[in-house]
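Novice: Right, I'll just put the structure down here and ask away after.
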Amino acid sequence: MASTITSSSQSSPLPINDSTTIELDKLTHEIFSILENKFLFGAYADPNQFLNTNKEDFKKTSSLPGKVRILSIDGNGFTDGILAAKSLAHLEEYLKSKTANPDARISDFFDIVAGSGVGGLLAALLFTRGTSDHDRPIFTADQALQFLIINRRKMLTRSAGIFRRRKTPAKFLRGVFGEPTTLKDTLKPVLISCYDLSSRSPFLFSRADAFESDGYDFAMADACGAAIGGGDGTVEVVRSVDKRTTISALGGAGIAMGNPTAAAITHVLNNKHEFPFCNGVEDLLVVSLGNGESACSVQRSPSSACLAKIVGDGASDMVDQAVSMAFGDMMETNYVRIQANGLLLGEKKFEKSSLKGEEGKKLVGIAEEVLRQKNVESVMFKGKRVAQKTNVEKLELVGEEVIREQERRRRSIFPVVVFKQNSPRTSSATTSTVSSY
């Protein structure tokens, strides 16, 4: 007589077949693995302690891995990175205040960062290891903001067309990052985009790829130079540390990837080595920072430069719309976009010609006003709407969420992320460590 299992929701018996047995074995194995971790590896070494534990606390402790926290920084925009940098400076100060930790950094609370154009430079400044303290980034968020205010003209210059190019060679950025800092020398995964003319396609400088092969490991100064280069037809030729890979780069912000959010999400969902439990957007918390929409007045015959900027803004907005649609009902809790809206600020404030003298400081003033404005959200099939909360309030809600995730990981037996870390410079070896903080 065949064995059967009776379902509690159905009156008819269910026959056991080979697939049912396999599923039951899998479930049994998973349950045993949890119990094994609890009793044999220290979380609840004493069975009496387990029996006396509050059920809600145990549920929180043994819950499945939480959300992967993604930070994405645009390259396009009117503010040359100042809006994103100011947003990050405010968020970092909020994290310090809420955690009562004056040493808190953006890199402590995000698992991966992606940047395009000047956003790639910001990503590198906030996630590259310091030369004296290898466990901390070289810049705080406020230091990165001040760096852009002071040095933006040394790296970016106006041109007649869409693109902006570096005014000085990579030597300037090498002085910032130090030698021989490469993509491997970051605290967390970093993605920096450019456009490769040799392959006619976008290219991502990736920490994960750098650990796989030296042919994809680049000096950090070269990766950032490729991201912000490309003006007036200038091509930035960069080579990997082993000289086997050559990229003929134009800045990705103006060509193909002004908003790198979708690239970051795709990387996480397909990178099971570093994000083993991330299976869908429900497992993500995404913060996307814009840099202001380009200042192009509505006119009958816009210039080619203005048209190109509009195309760049449109491409970034399309990414925002697509990501919003992907998150659907979870957009309120899992996806936040901070971007300036010219209709809210007034067109005159977006005219560069009105910012004569101390342009950097005036851009900071505009960024501060943007943060005080109501947040603008993408709505599926309906364009955009003005939200109830301001951009500052949205940032602070994000701060609370990433702190909550940090605390949840301290109680979890599951690693959310598994990162390879570069060994000290005395050795070229790498080690794999589990980050579950």
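Ordering of the structure tokens sets the chain letters (A, B, ...); residue numbers start at 1 within each chain; ligands are numbered from 1 in the order shown.
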When you look at Ile247 in chain A with a cut-off of 8 Å (counting only C-alpha atoms), what residues show up, excluding the ones that are within fewer than 5 positions of it in the same chain? I need them as a VMD selection string.

Specialist: chain A and resid 196 to 198 236 to 239

Novice: If you run DSSP on this backbone, which residues of range 309-421 of chain A come out as helix (DSSP H, G or I), and could you give them as a VMD selection string?

Specialist: chain A and resid 309 to 334 342 to 345 347 to 350 352 to 354 359 to 372 391 to 411

Novice: Leaving out range 331-336 of chain A and any residue of its chain fewer than 3 positions from it, which residues lie within 7 Å of it when counting only C-alpha atoms, given as a list in words?

Specialist: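 Within the cut-off, the hits are Leu284, Leu285, Val286, Val287, Ser288, Ser324, Phe327 and Gly328 of chain A.
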
Novice: So that I have them on file, write out the residues from the current selection with N, CA and C atoms, as a PDB file, in the first residue's frame.

Specialist:
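Writing the result to again_22.pdb gives the following:
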```
ATOM      1  N   LEU A 284      16.036  44.127  -1.444  1.00  0.00           N
ATOM      2  CA  LEU A 284      16.890  45.286  -1.681  1.00  0.00           C
ATOM      3  C   LEU A 284      16.369  46.531  -0.966  1.00  0.00           C
ATOM      4  N   LEU A 285      17.286  47.398  -0.584  1.00  0.00           N
ATOM      5  CA  LEU A 285      16.981  48.760  -0.154  1.00  0.00           C
ATOM      6  C   LEU A 285      17.872  49.671  -0.983  1.00  0.00           C
ATOM      7  N   VAL A 286      17.270  50.461  -1.856  1.00  0.00           N
ATOM      8  CA  VAL A 286      18.015  51.232  -2.844  1.00  0.00           C
ATOM      9  C   VAL A 286      17.848  52.726  -2.597  1.00  0.00           C
ATOM     10  N   VAL A 287      18.974  53.433  -2.548  1.00  0.00           N
ATOM     11  CA  VAL A 287      18.985  54.892  -2.450  1.00  0.00           C
ATOM     12  C   VAL A 287      19.670  55.430  -3.704  1.00  0.00           C
ATOM     13  N   SER A 288      18.939  56.199  -4.492  1.00  0.00           N
ATOM     14  CA  SER A 288      19.447  56.743  -5.749  1.00  0.00           C
ATOM     15  C   SER A 288      19.505  58.261  -5.649  1.00  0.00           C
ATOM     16  N   SER A 324      11.226  52.085 -10.426  1.00  0.00           N
ATOM     17  CA  SER A 324       9.994  52.283  -9.655  1.00  0.00           C
ATOM     18  C   SER A 324       8.962  51.224  -9.998  1.00  0.00           C
ATOM     19  N   PHE A 327       9.849  47.843  -8.406  1.00  0.00           N
ATOM     20  CA  PHE A 327       9.542  47.746  -6.980  1.00  0.00           C
ATOM     21  C   PHE A 327       8.047  47.756  -6.706  1.00  0.00           C
ATOM     22  N   GLY A 328       7.279  48.391  -7.568  1.00  0.00           N
ATOM     23  CA  GLY A 328       5.824  48.372  -7.404  1.00  0.00           C
ATOM     24  C   GLY A 328       5.379  48.897  -6.057  1.00  0.00           C
TER      25      GLY A 328
END
```

Novice: Taking into account only C-alpha atoms, which residue in the set A:Glu401, A:Glu358, A:Ile338, A:Leu173 is nearest to Glu377 in chain A?

Specialist: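 Using only C-alpha atoms, the shortest distance to Glu377 in chain A belongs to A:Ile338.
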
Novice: My list of candidates is A:Thr245, A:Asn391, A:Ser412, A:Asn76. Which is closest to Val118 in chain A when distances are computed with only C-alpha atoms?

Specialist: A:Asn76

Novice: Using only C-alpha atoms for the distances, tell me which of A:Asn270, A:Thr128, A:Thr79, A:Ser87 is nearest to Glu393 in chain A.

Specialist: A:Ser87
